[in-house]
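Colleague: I'd like to ask you about the structure that follows.
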Amino acid sequence: MCRIDEENPPIRNCALVDRLANNSEKRRKALLKNGRIITSSVKSNDAYLKTIFLIKERASRHVLVPMSIVMLNAIIWTILIKVPFKNRFVIRSDPWGSITDLVFSTTLSFILVFRLNRVAIRWWDTRGMWGLIVAHSRMLTDAIMTHTNHAPRNRDRAISWLGGFLIAVKQHMRKEKNFDYDELAGFLDKNEVNRLASSSHPCLYATSEIRYELSQAFKITNDTPSGLGIAYSSVLRMMEKSIHVLIDKMGGLERVSSTPLPIVYVTHLRTFLLTYLLTLPWVHGHQWGWATIPIVALTAYALLGVDAAATECEAPFKKRSNHLAMESFCLTGFNDIEALVKHHVAMQSEKSRLD
């Protein structure tokens with residue numbers, strides 16, 4: 001027999017709550033382990049100095065190639081004007097400096113701000129979509145536990161596949177086919193996880209399984225009383241709304257992943273950005289002397305870093321410091337599902353005791 005605690009009387013048909021409770025720690029450890037790269041990274045709301053002295057969080061790999069080109073140009077040009085071509089020709093930096101400040105600096109500022117702003121919106125939109133997925137998984141669980149007690153097997157299976165949907169979204173957005181069995185411990189067995197992972201679209205497979213179980217639970221036959229049939233249809237429509245939201249938000253995540261910013265913005269920005277950085281030594285080299293090299297290095301890293309930040313966060317679904325902590329979202333969803341299942345079983349237990 002199954003109990004919520006020792007004070008509650010035995011509960012019938014609560015195999016799911018036992019499975020979820022017994023495997024809760026296994027799921028938690030698996031998700032924390034698989035998401036530790038993101039969860040252990042420094043966050044923007046951490047201490048001020050802690051957010052400055054960082055390396056991996058800066059996504060410097062995106063600036064290596066352009067930075068190398070810019071620095072090679074700056075070093076060669078500075079050596080040329082300071083050694084073999086010293087005093088051979090001097091470019092007055094005043095008029096050229098005004099032109100570069102007007103044409104390049106102003107233009108680059110607008111384009112960089114636009115690019116970073118668009119990426120920030122995309123990042124926050126994906127976070128909002130995940131929030132709605134977790135929220136509607138709670139609503140659907142609550143509705144299933146409230147209205148499907150007449151079909152306990154279908155009830156438990158629907159909730160189990162709802163847990164599978166959360167992990168399927170995470171894996172699908174990362175384009176990973178290898179599912180960790182421990183992440184779904186208590187929800188699905190290994191055979192069901194393998195079926196989910198091998199499907200062409202795991203998210204839609206999971207929602208199809210949820211729909212099937214609910215359709216069986218609320219199946220209307222010729223023998224079903226008309227009043228009960230109307231009630232079944234009404235409840236099923238209500239649950240379908242949450243399923244529609246789950247699929248819609250998963251589709252929204254797909255759209256962000258498969259639709260980068262139009263290339264015209266990126267190519268225009270990078271062309272002018274690289275041109276500006278390459279001409280800095282030519283315009284200011286005689287004035288700055290050997291200081292040209294470190295000045296260009298700092299300027300290049302500052303500007304290229306903004307573009308790198310935008311590139312890093314444009315599709316934030318990988319296991320990187322600046323990407324979405326999808327393991328944490330799944331863990332939150334699992335904890336909420338388990339809590340709701342326990343709560344409903346406890347209410348049934350209390351009602352049975354009073355009756």
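How things are named: the first chain in the structure tokens is A, the next is B, and so on; residues count from 1 in each chain; ligands count from 1 in the order shown.
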Write out as a PyMOL selection string the residues lying within 9 Å of segment 29-41 of chain A, counting only C-alpha atoms and excluding same-chain residues fewer than 3 positions away.
Modeller: chain A and resi 24-26+56-57+180-183+319-328+330-331
Colleague: Mind the document's chain letters and residue numbers, and return as a count of residues only the residues of segment 19-193 of chain A that DSSP labels alpha helix (DSSP H).
Modeller: 114
Colleague: From the set A:Leu278, A:Ala15, A:Ala59, A:Ala47, which residue has the shortest atom-to-atom contact distance to Gly305 of chain A, counting only C-alpha atoms?
Modeller: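 Looking only at the distances to Gly305 of chain A, the closest residue turns out to be A:Ala59.
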Colleague: Tell me which protein, DNA and RNA residues are within 12 Å of Asp248 of chain A, counting only C-alpha atoms, leaving out same-chain ones fewer than 4 positions away, and put them as a count of residues only.
Modeller: 18
Colleague: Using only C-alpha atoms, which of A:Ala308, A:Leu261, A:Leu303, A:Ile76 sits nearest Leu273 of chain A?
Modeller: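 Smallest distance to Leu273 of chain A is found for A:Leu303.
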Colleague: Show me, as JSON, numbers by chain, the residues that have an atom within 12 Å of Ile69 of chain A when counting only C-alpha atoms, minus same-chain residues fewer than 6 positions from it.
Modeller: {"A": [63, 75, 76, 274, 275, 277, 278, 296, 297, 300, 304]}
Colleague: What would the file look like if the residues just selected were written as a short mmCIF file (atom, residue, chain, number, x, y, z; two decimals), in the first residue's frame with C-alpha atoms?
Modeller:
data_model
loop_
_atom_site.label_atom_id
_atom_site.label_comp_id
_atom_site.auth_asym_id
_atom_site.auth_seq_id
_atom_site.Cartn_x
_atom_site.Cartn_y
_atom_site.Cartn_z
CA VAL A 63 36.68 37.40 -31.30
CA ILE A 75 51.81 45.38 -35.17
CA ILE A 76 53.06 45.37 -38.78
CA LEU A 274 36.73 45.56 -39.18
CA THR A 275 37.48 48.48 -41.52
CA LEU A 277 39.83 48.78 -36.51
CA LEU A 278 42.19 48.16 -39.43
CA VAL A 296 44.17 49.11 -30.82
CA ALA A 297 44.05 45.91 -28.77
CA ALA A 300 39.26 46.02 -30.77
CA LEU A 304 34.44 42.99 -31.04
#
Colleague: Would you kindly return, as a list in words, each protein, DNA or RNA residue with an atom no farther than 10 Å from any atom of Ile230 of chain A, considering only C-alpha atoms and excluding same-chain residues fewer than 6 positions away?
Modeller: Ile220, Thr224 and Leu236 of chain A
Colleague: May I ask which of the residues A:Arg211, A:His150, A:Lys190, A:Lys318 is the closest one to Arg174 of chain A, counting only C-alpha atoms?
Modeller: A:Lys318
Colleague: Skipping near chain neighbours, those fewer than 6 positions away, what residues fall within 12 Å of Ser258 of chain A using only C-alpha atoms, listed as a list in words?
Modeller: Met173, Arg174, Lys175, Gly251, Gly252, Glu314, Ala315, Pro316 and Phe317 of chain A
Colleague: For the atom pair atom CA of Ile55 of chain A and atom CA of Thr299 of chain A, what is the interatomic distance in Å to one decimal place?
Modeller: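 Going from atom CA of Ile55 of chain A over to atom CA of Thr299 of chain A, I get 17.9 Å.
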Colleague: Using only C-alpha atoms, pick whichever of A:Ser200, A:Asn191, A:Ser105, A:Thr271 has the shortest atom-to-atom distance to His172 of chain A.
Modeller: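 Comparing A:Ser200, A:Asn191, A:Ser105, A:Thr271 against His172 of chain A, the winner is A:Ser200.
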Colleague: Between atom CA of His344 of chain A and atom CA of Asn149 of chain A, what is the distance in Å, rounded to a tenth?
Modeller: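 These atoms are spaced 10.0 Å apart.
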Colleague: Could you pull the residues within 12 Å of Leu16 of chain A, counting only C-alpha atoms, minus those fewer than 4 positions along the same chain, as a CSV table (one decimal) with all heavy atoms, in the first residue's frame?
Modeller:
chain,number,residue,atom,x,y,z
A,2,CYS,N,0.3,2.4,-0.4
A,2,CYS,CA,1.1,3.6,-0.6
A,2,CYS,C,0.6,4.7,0.3
A,2,CYS,O,-0.6,4.8,0.5
A,2,CYS,CB,1.0,3.9,-2.0
A,2,CYS,SG,0.9,5.3,-2.8
A,3,ARG,N,1.6,5.4,0.9
A,3,ARG,CA,1.2,6.4,1.9
A,3,ARG,C,2.0,7.7,1.6
A,3,ARG,O,3.1,7.7,1.1
A,3,ARG,CB,1.6,6.0,3.3
A,3,ARG,CG,0.8,4.8,3.8
A,3,ARG,CD,1.3,4.3,5.2
A,3,ARG,NE,0.6,3.1,5.7
A,3,ARG,CZ,-0.5,3.2,6.5
A,3,ARG,NH1,-1.0,4.4,6.8
A,3,ARG,NH2,-1.1,2.1,6.9
A,4,ILE,N,1.3,8.8,1.9
A,4,ILE,CA,2.0,10.1,1.8
A,4,ILE,C,2.9,10.2,3.1
A,4,ILE,O,4.0,10.7,3.0
A,4,ILE,CB,1.0,11.3,1.8
A,4,ILE,CG1,0.2,11.1,0.5
A,4,ILE,CG2,1.7,12.6,1.8
A,4,ILE,CD1,1.0,11.1,-0.8
A,11,ILE,N,-3.6,4.7,0.5
A,11,ILE,CA,-4.2,5.3,-0.7
A,11,ILE,C,-4.2,4.3,-1.8
A,11,ILE,O,-3.2,3.6,-2.1
A,11,ILE,CB,-3.4,6.6,-1.2
A,11,ILE,CG1,-3.3,7.6,0.0
A,11,ILE,CG2,-4.1,7.2,-2.4
A,11,ILE,CD1,-4.6,8.1,0.5
A,12,ARG,N,-5.3,4.2,-2.5
A,12,ARG,CA,-5.4,3.3,-3.7
A,12,ARG,C,-4.9,4.0,-4.9
A,12,ARG,O,-5.1,5.2,-5.1
A,12,ARG,CB,-6.8,2.8,-3.9
A,12,ARG,CG,-7.4,2.1,-2.7
A,12,ARG,CD,-8.9,1.8,-2.9
A,12,ARG,NE,-9.2,1.1,-4.1
A,12,ARG,CZ,-10.4,1.0,-4.7
A,12,ARG,NH1,-11.4,1.6,-4.1
A,12,ARG,NH2,-10.5,0.4,-5.8
A,20,LEU,N,7.6,8.8,-8.3
A,20,LEU,CA,8.1,10.2,-8.3
A,20,LEU,C,8.9,10.5,-7.0
A,20,LEU,O,10.0,11.0,-7.1
A,20,LEU,CB,7.0,11.2,-8.5
A,20,LEU,CG,6.3,11.2,-9.8
A,20,LEU,CD1,5.2,12.3,-9.9
A,20,LEU,CD2,7.2,11.3,-11.0
A,21,ALA,N,8.4,10.1,-5.9
A,21,ALA,CA,9.0,10.4,-4.6
A,21,ALA,C,10.3,9.5,-4.5
A,21,ALA,O,11.3,10.0,-4.0
A,21,ALA,CB,8.1,10.1,-3.5
A,22,ASN,N,10.3,8.3,-4.9
A,22,ASN,CA,11.4,7.4,-4.7
A,22,ASN,C,12.6,7.8,-5.6
A,22,ASN,O,13.7,7.5,-5.3
A,22,ASN,CB,11.0,5.9,-5.0
A,22,ASN,CG,10.1,5.4,-3.9
A,22,ASN,OD1,10.0,5.9,-2.8
A,22,ASN,ND2,9.3,4.4,-4.3
A,23,ASN,N,12.3,8.4,-6.8
A,23,ASN,CA,13.3,8.8,-7.7
A,23,ASN,C,13.6,10.3,-7.8
A,23,ASN,O,14.3,10.7,-8.7
A,23,ASN,CB,12.9,8.3,-9.1
A,23,ASN,CG,12.9,6.8,-9.3
A,23,ASN,OD1,14.0,6.2,-9.4
A,23,ASN,ND2,11.7,6.2,-9.2
A,24,SER,N,13.0,11.0,-6.9
A,24,SER,CA,13.2,12.5,-6.9
A,24,SER,C,14.7,12.9,-6.8
A,24,SER,O,15.2,13.8,-7.5
A,24,SER,CB,12.4,13.1,-5.7
A,24,SER,OG,12.6,14.5,-5.7
A,145,MET,N,-4.9,15.7,-12.4
A,145,MET,CA,-5.1,15.1,-11.1
A,145,MET,C,-6.5,15.3,-10.5
A,145,MET,O,-7.1,14.6,-9.8
A,145,MET,CB,-4.1,15.6,-10.1
A,145,MET,CG,-2.7,15.1,-10.4
A,145,MET,SD,-2.5,13.3,-10.3
A,145,MET,CE,-3.0,13.0,-8.6
A,152,PRO,N,-7.3,6.0,-13.3
A,152,PRO,CA,-6.0,6.2,-12.7
A,152,PRO,C,-4.8,5.8,-13.6
A,152,PRO,O,-3.8,6.5,-13.6
A,152,PRO,CB,-6.0,5.3,-11.4
A,152,PRO,CG,-7.1,4.4,-11.6
A,152,PRO,CD,-8.1,5.0,-12.5
A,153,ARG,N,-4.9,4.8,-14.4
A,153,ARG,CA,-3.8,4.4,-15.2
A,153,ARG,C,-3.5,5.5,-16.3
A,153,ARG,O,-2.4,5.9,-16.5
A,153,ARG,CB,-4.1,3.0,-15.9
A,153,ARG,CG,-2.9,2.6,-16.8
A,153,ARG,CD,-3.2,1.3,-17.5
A,153,ARG,NE,-2.1,0.8,-18.4
A,153,ARG,CZ,-1.8,1.3,-19.6
A,153,ARG,NH1,-2.6,2.3,-20.1
A,153,ARG,NH2,-0.8,0.9,-20.2
A,154,ASN,N,-4.6,5.9,-17.0
A,154,ASN,CA,-4.5,7.0,-18.0
A,154,ASN,C,-4.0,8.3,-17.3
A,154,ASN,O,-3.1,9.0,-17.9
A,154,ASN,CB,-5.8,7.2,-18.7
A,154,ASN,CG,-6.3,6.0,-19.4
A,154,ASN,OD1,-7.4,5.5,-19.2
A,154,ASN,ND2,-5.5,5.5,-20.4
A,155,ARG,N,-4.4,8.5,-16.1
A,155,ARG,CA,-4.0,9.7,-15.4
A,155,ARG,C,-2.5,9.7,-15.2
A,155,ARG,O,-1.8,10.7,-15.5
A,155,ARG,CB,-4.7,9.8,-14.1
A,155,ARG,CG,-4.3,10.9,-13.1
A,155,ARG,CD,-4.8,10.6,-11.7
A,155,ARG,NE,-4.1,9.4,-11.2
A,155,ARG,CZ,-4.5,8.7,-10.1
A,155,ARG,NH1,-5.6,9.1,-9.5
A,155,ARG,NH2,-3.8,7.7,-9.7
A,156,ASP,N,-2.0,8.6,-14.6
A,156,ASP,CA,-0.6,8.5,-14.3
A,156,ASP,C,0.3,8.5,-15.6
A,156,ASP,O,1.3,9.1,-15.6
A,156,ASP,CB,-0.3,7.2,-13.5
A,156,ASP,CG,-0.9,7.3,-12.1
A,156,ASP,OD1,-1.5,8.3,-11.8
A,156,ASP,OD2,-0.8,6.3,-11.4
A,157,ARG,N,-0.2,7.8,-16.6
A,157,ARG,CA,0.5,7.8,-17.9
A,157,ARG,C,0.6,9.2,-18.5
A,157,ARG,O,1.7,9.6,-19.0
A,157,ARG,CB,-0.1,6.8,-18.9
A,157,ARG,CG,-0.1,5.4,-18.4
A,157,ARG,CD,1.1,4.7,-18.7
A,157,ARG,NE,1.4,4.6,-20.2
A,157,ARG,CZ,2.6,4.4,-20.7
A,157,ARG,NH1,3.6,4.2,-19.9
A,157,ARG,NH2,2.7,4.3,-22.0
A,158,ALA,N,-0.5,9.9,-18.5
A,158,ALA,CA,-0.5,11.3,-19.1
A,158,ALA,C,0.5,12.2,-18.4
A,158,ALA,O,1.3,12.9,-19.0
A,158,ALA,CB,-1.9,11.9,-19.0
A,159,ILE,N,0.6,12.1,-17.0
A,159,ILE,CA,1.5,12.9,-16.3
A,159,ILE,C,2.9,12.5,-16.5
A,159,ILE,O,3.9,13.3,-16.6
A,159,ILE,CB,1.1,12.9,-14.8
A,159,ILE,CG1,-0.2,13.6,-14.5
A,159,ILE,CG2,2.2,13.6,-13.9
A,159,ILE,CD1,-0.7,13.5,-13.1
A,160,SER,N,3.1,11.2,-16.6
A,160,SER,CA,4.5,10.7,-16.9
A,160,SER,C,5.0,11.2,-18.2
A,160,SER,O,6.2,11.6,-18.3
A,160,SER,CB,4.4,9.1,-16.9
A,160,SER,OG,4.1,8.6,-15.7
A,161,TRP,N,4.2,11.2,-19.3
A,161,TRP,CA,4.6,11.7,-20.6
A,161,TRP,C,4.7,13.3,-20.5
A,161,TRP,O,5.5,13.8,-21.3
A,161,TRP,CB,3.6,11.3,-21.6
A,161,TRP,CG,3.9,9.9,-22.1
A,161,TRP,CD1,3.1,8.8,-21.8
A,161,TRP,CD2,5.0,9.4,-22.8
A,161,TRP,NE1,3.6,7.7,-22.3
A,161,TRP,CE2,4.8,8.0,-22.9
A,161,TRP,CE3,6.1,10.0,-23.3
A,161,TRP,CZ2,5.7,7.2,-23.6
A,161,TRP,CZ3,7.1,9.2,-24.0
A,161,TRP,CH2,6.9,7.8,-24.1
A,163,GLY,N,6.1,14.8,-18.1
A,163,GLY,CA,7.5,15.0,-17.6
A,163,GLY,C,8.5,14.7,-18.8
A,163,GLY,O,9.5,15.4,-19.0
A,185,ALA,N,13.8,9.5,-14.4
A,185,ALA,CA,13.6,8.4,-13.4
A,185,ALA,C,12.3,8.7,-12.7
A,185,ALA,O,12.0,9.8,-12.1
A,185,ALA,CB,14.7,8.3,-12.4
A,186,GLY,N,11.4,7.7,-12.6
A,186,GLY,CA,10.1,7.8,-12.0
A,186,GLY,C,9.0,8.3,-12.9
A,186,GLY,O,7.8,8.0,-12.6
A,187,PHE,N,9.4,8.9,-14.0
A,187,PHE,CA,8.4,9.3,-15.0
A,187,PHE,C,8.2,8.3,-16.1
A,187,PHE,O,7.1,7.8,-16.3
A,187,PHE,CB,8.8,10.7,-15.6
A,187,PHE,CG,8.5,11.9,-14.8
A,187,PHE,CD1,9.4,12.4,-14.0
A,187,PHE,CD2,7.2,12.4,-14.8
A,187,PHE,CE1,9.1,13.5,-13.2
A,187,PHE,CE2,6.9,13.5,-14.0
A,187,PHE,CZ,7.9,14.1,-13.2
A,188,LEU,N,9.3,7.9,-16.8
A,188,LEU,CA,9.3,7.0,-17.8
A,188,LEU,C,10.4,5.9,-17.6
A,188,LEU,O,11.4,6.2,-17.0
A,188,LEU,CB,9.6,7.7,-19.2
A,188,LEU,CG,8.7,8.8,-19.6
A,188,LEU,CD1,9.2,9.4,-20.9
A,188,LEU,CD2,7.2,8.3,-19.8
A,337,ILE,N,5.3,19.2,-10.5
A,337,ILE,CA,4.5,18.1,-10.8
A,337,ILE,C,4.4,17.1,-9.6
A,337,ILE,O,3.3,16.7,-9.3
A,337,ILE,CB,5.0,17.4,-12.1
A,337,ILE,CG1,4.8,18.2,-13.3
A,337,ILE,CG2,4.3,16.0,-12.3
A,337,ILE,CD1,5.5,17.7,-14.6
A,338,GLU,N,5.6,16.8,-9.1
A,338,GLU,CA,5.6,15.9,-7.9
A,338,GLU,C,4.8,16.5,-6.8
A,338,GLU,O,4.0,15.8,-6.1
A,338,GLU,CB,7.0,15.6,-7.5
A,338,GLU,CG,7.1,14.7,-6.3
A,338,GLU,CD,8.6,14.4,-5.9
A,338,GLU,OE1,9.5,14.8,-6.6
A,338,GLU,OE2,8.8,13.7,-4.9
A,339,ALA,N,5.0,17.8,-6.5
A,339,ALA,CA,4.2,18.4,-5.4
A,339,ALA,C,2.7,18.4,-5.6
A,339,ALA,O,2.0,18.1,-4.7
A,339,ALA,CB,4.7,19.8,-5.2
A,340,LEU,N,2.3,18.6,-6.8
A,340,LEU,CA,0.9,18.6,-7.1
A,340,LEU,C,0.3,17.2,-7.0
A,340,LEU,O,-0.8,17.0,-6.5
A,340,LEU,CB,0.6,19.1,-8.6
A,340,LEU,CG,0.7,20.7,-8.7
A,340,LEU,CD1,0.8,21.0,-10.2
A,340,LEU,CD2,-0.4,21.4,-8.0
A,341,VAL,N,1.0,16.2,-7.5
A,341,VAL,CA,0.6,14.8,-7.4
A,341,VAL,C,0.4,14.4,-5.9
A,341,VAL,O,-0.6,13.9,-5.5
A,341,VAL,CB,1.5,13.9,-8.1
A,341,VAL,CG1,1.2,12.4,-7.8
A,341,VAL,CG2,1.5,14.1,-9.6
A,342,LYS,N,1.4,14.8,-5.1
A,342,LYS,CA,1.4,14.5,-3.7
A,342,LYS,C,0.2,15.2,-3.0
A,342,LYS,O,-0.5,14.6,-2.1
A,342,LYS,CB,2.7,14.9,-3.0
A,342,LYS,CG,3.9,13.9,-3.3
A,342,LYS,CD,5.1,14.4,-2.6
A,342,LYS,CE,6.3,13.4,-2.8
A,342,LYS,NZ,7.5,13.9,-2.1
A,344,HIS,N,-2.6,16.2,-4.3
A,344,HIS,CA,-3.9,15.6,-4.6
A,344,HIS,C,-4.1,14.3,-4.0
A,344,HIS,O,-5.3,14.0,-3.5
A,344,HIS,CB,-4.0,15.5,-6.2
A,344,HIS,CG,-4.4,16.7,-6.9
A,344,HIS,ND1,-5.8,17.1,-7.0
A,344,HIS,CD2,-3.7,17.7,-7.4
A,344,HIS,CE1,-5.8,18.3,-7.6
A,344,HIS,NE2,-4.6,18.7,-7.9
A,345,VAL,N,-3.1,13.5,-3.9
A,345,VAL,CA,-3.2,12.2,-3.2
A,345,VAL,C,-3.5,12.4,-1.7
A,345,VAL,O,-4.3,11.7,-1.1
A,345,VAL,CB,-1.9,11.3,-3.4
A,345,VAL,CG1,-2.0,10.1,-2.5
A,345,VAL,CG2,-1.8,11.0,-4.9
